[in-house]
Amino acid sequence: MLHSGDKLLSYGLEYAGCGMEALICFLLAREGRWRHLKGLYLYVAGLFLLDGVGRSAALNYFGQRSRQYAYFYWLTDVLLALGAFLLICGFFRRASAKEEKFWSVVRTLLVFVFILVVGMTGLSLSRNYSHLFSKFIVEFSQNLYFTCLVLNTLLYVMIQQLAIDDEELGLLVCGLGVQFAGGAAVLALYHLTLGENFARLIFNFFNPACTLGMLLTWIYAIVKTPEPIPVGSRSGKAALVEAVAE
Amino acid sequence: MKNYFFAFLLALLVVLSGVSLRRSVVGIGTAPAPLPPMTSVAIGTAPAPLPPMQ
């Protein structure tokens with residue numbers, strides 16, 4: 001049971017997350033930067049609609065202990081995990097943009113990963129037919145979450161190994177790492193900590209804090225790194241002429 | 001064909017690593033899991049309810 005101070009903190013985290021999601025959408029929409037980061041824009045817009053608006057409305061309408069809110073929360077979690085998986089696929093595409101052969105192997109790998117996650121989730125529930133739908137969505141979202149954690153780590157190692165000169169991509173991948181690795185670390189901490197109530201509070205606040213960490217890293221990535229100027233455009237040509245003149 | 005086989009093996013390794021990581025993280029500690037079990041992580045800042053049907 002949460003006390004009033006804890007509730008205040010919980011609401012604060014929720015509204016801060018909602019505000020940051022809206023801020024990222026605004027930053028990307030300003031000056032048409034979303035064209036360069038379409039995948040990220042779609043994911044953050046989805047996060048804003050599902051988490052910021054949809055879950056808050058369901059929470060206020062049904063209450064946190066209701067079955068409707070639980071279904072809505074975990075169903076939207078599947079969608080967000082799927083979105084995160086597609087976002088990681090987009091980052092893999094961007095990281096291997098200059099090497100088509102490498103990308104063809106990575107693309108096959110990502111397709112196999114998705115098929116295997118669906119297959120393994122189905123197999124793990126094959127002998128348990130009661131409440132199949134609800135168990136499947138939770139099991140699938142959890143398996144996909146941890147697979148995304150491994151894929152994101154692989155992507156980060158790949159960026160380092162191939163020495164890809166893309167600071168923005170590195171920061172965006174780091175942001176996803178905060179979300180996935182942070183969540184896994186919190187879960188481990190919860191099971192290591194003997195104080196059950198204390199651990200549950202950590203779990204309740206650290207999980208949203210990981211999402212906030214991801215959003216903050218993305219804001220930093222968007223604000224800090226300049227938008228790449230296409231060489232063919234008029235401003236790009238002007239910049240090129242200036243650089244040559246210098 | 002060789003590339004497909006390599007990609008499949010790597011995909012199997014990735015998925016098994018993810019699932020094993022999940023199981024190991026959930027199973028850390030010697031104390032029995034308290035009820036209701038909090039064995040799930042989620043994306044988003046809204047307060048997380050217990051997974052349905054647990």
# chains A, B, ... in the order shown; residues from 1 in each chain; ligands from 1
$ closest_atom_pairs --of "chain B" --to "chain A" --cutoff "7 Å" --atoms "only C-alpha atoms" --output "JSON lines"
{"residue": "B:Asn3", "atom": "CA", "partner": "A:Val105", "partner_atom": "CA", "distance": 6.4}
{"residue": "B:Tyr4", "atom": "CA", "partner": "A:Thr108", "partner_atom": "CA", "distance": 6.9}
{"residue": "B:Ala7", "atom": "CA", "partner": "A:Leu109", "partner_atom": "CA", "distance": 4.6}
{"residue": "B:Phe8", "atom": "CA", "partner": "A:Phe112", "partner_atom": "CA", "distance": 6.0}
{"residue": "B:Leu10", "atom": "CA", "partner": "A:Leu109", "partner_atom": "CA", "distance": 6.8}
{"residue": "B:Ala11", "atom": "CA", "partner": "A:Val113", "partner_atom": "CA", "distance": 4.8}
{"residue": "B:Leu12", "atom": "CA", "partner": "A:Val113", "partner_atom": "CA", "distance": 6.9}
{"residue": "B:Val14", "atom": "CA", "partner": "A:Val150", "partner_atom": "CA", "distance": 6.4}
{"residue": "B:Val15", "atom": "CA", "partner": "A:Thr147", "partner_atom": "CA", "distance": 5.6}
{"residue": "B:Gly18", "atom": "CA", "partner": "A:Thr147", "partner_atom": "CA", "distance": 4.4}
{"residue": "B:Val19", "atom": "CA", "partner": "A:Asn143", "partner_atom": "CA", "distance": 5.9}
{"residue": "B:Arg22", "atom": "CA", "partner": "A:Phe146", "partner_atom": "CA", "distance": 6.3}
{"residue": "B:Val25", "atom": "CA", "partner": "A:Ala188", "partner_atom": "CA", "distance": 5.0}
{"residue": "B:Val26", "atom": "CA", "partner": "A:Ala188", "partner_atom": "CA", "distance": 6.5}
{"residue": "B:Ile28", "atom": "CA", "partner": "A:His191", "partner_atom": "CA", "distance": 5.8}
{"residue": "B:Gly29", "atom": "CA", "partner": "A:Leu192", "partner_atom": "CA", "distance": 5.1}
{"residue": "B:Ser40", "atom": "CA", "partner": "A:Gln142", "partner_atom": "CA", "distance": 6.7}
{"residue": "B:Val41", "atom": "CA", "partner": "A:Gly183", "partner_atom": "CA", "distance": 6.0}
{"residue": "B:Ala42", "atom": "CA", "partner": "A:Asp77", "partner_atom": "CA", "distance": 6.3}
{"residue": "B:Ile43", "atom": "CA", "partner": "A:Asp77", "partner_atom": "CA", "distance": 6.3}
{"residue": "B:Gly44", "atom": "CA", "partner": "A:Asp51", "partner_atom": "CA", "distance": 5.8}
{"residue": "B:Thr45", "atom": "CA", "partner": "A:Pro208", "partner_atom": "CA", "distance": 4.1}
{"residue": "B:Ala46", "atom": "CA", "partner": "A:Glu14", "partner_atom": "CA", "distance": 5.3}
{"residue": "B:Pro47", "atom": "CA", "partner": "A:Asn204", "partner_atom": "CA", "distance": 7.0}
{"residue": "B:Pro49", "atom": "CA", "partner": "A:Ala70", "partner_atom": "CA", "distance": 5.5}
{"residue": "B:Leu50", "atom": "CA", "partner": "A:Ala70", "partner_atom": "CA", "distance": 6.6}
{"residue": "B:Pro51", "atom": "CA", "partner": "A:Ala70", "partner_atom": "CA", "distance": 6.2}
{"residue": "B:Pro52", "atom": "CA", "partner": "A:Ala70", "partner_atom": "CA", "distance": 5.8}
{"residue": "B:Met53", "atom": "CA", "partner": "A:His131", "partner_atom": "CA", "distance": 6.9}
$ residues_around --residues "A:Val173" --least-positions-apart "6" --cutoff "9 Å" --atoms "only C-alpha atoms" --output "ChimeraX atom specification"
/A:88,91,152-153,155-156,218
$ atom_distance --atom1 "atom CA of A:Leu40" --atom2 "atom CA of A:Leu87"
6.8 Å
$ closest_residue --among "A:Val44, A:Leu123, A:Leu37, A:Val118" --to "A:Leu169" --atoms "only C-alpha atoms"
A:Leu37
$ residues_around --residues "A:Asp165" --least-positions-apart "5" --cutoff "12 Å" --atoms "only C-alpha atoms" --output "MDAnalysis selection string"
chainID A and resid 94:96 98 158:160 170:171
$ write_last_selection --atoms "C-alpha atoms" --output "mmCIF file, in the first residue's frame"
data_model
loop_
_atom_site.group_PDB
_atom_site.id
_atom_site.type_symbol
_atom_site.label_atom_id
_atom_site.label_comp_id
_atom_site.auth_asym_id
_atom_site.auth_seq_id
_atom_site.Cartn_x
_atom_site.Cartn_y
_atom_site.Cartn_z
ATOM 1 C CA ARG A 94 21.041 2.695 -39.562
ATOM 2 C CA ALA A 95 24.221 1.186 -38.088
ATOM 3 C CA SER A 96 24.749 -1.090 -41.097
ATOM 4 C CA LYS A 98 26.901 1.369 -45.569
ATOM 5 C CA MET A 158 28.587 -3.543 -32.902
ATOM 6 C CA ILE A 159 28.712 0.270 -32.972
ATOM 7 C CA GLN A 160 31.912 0.216 -30.907
ATOM 8 C CA GLY A 170 25.114 5.922 -29.912
ATOM 9 C CA LEU A 171 23.134 8.133 -27.520
#
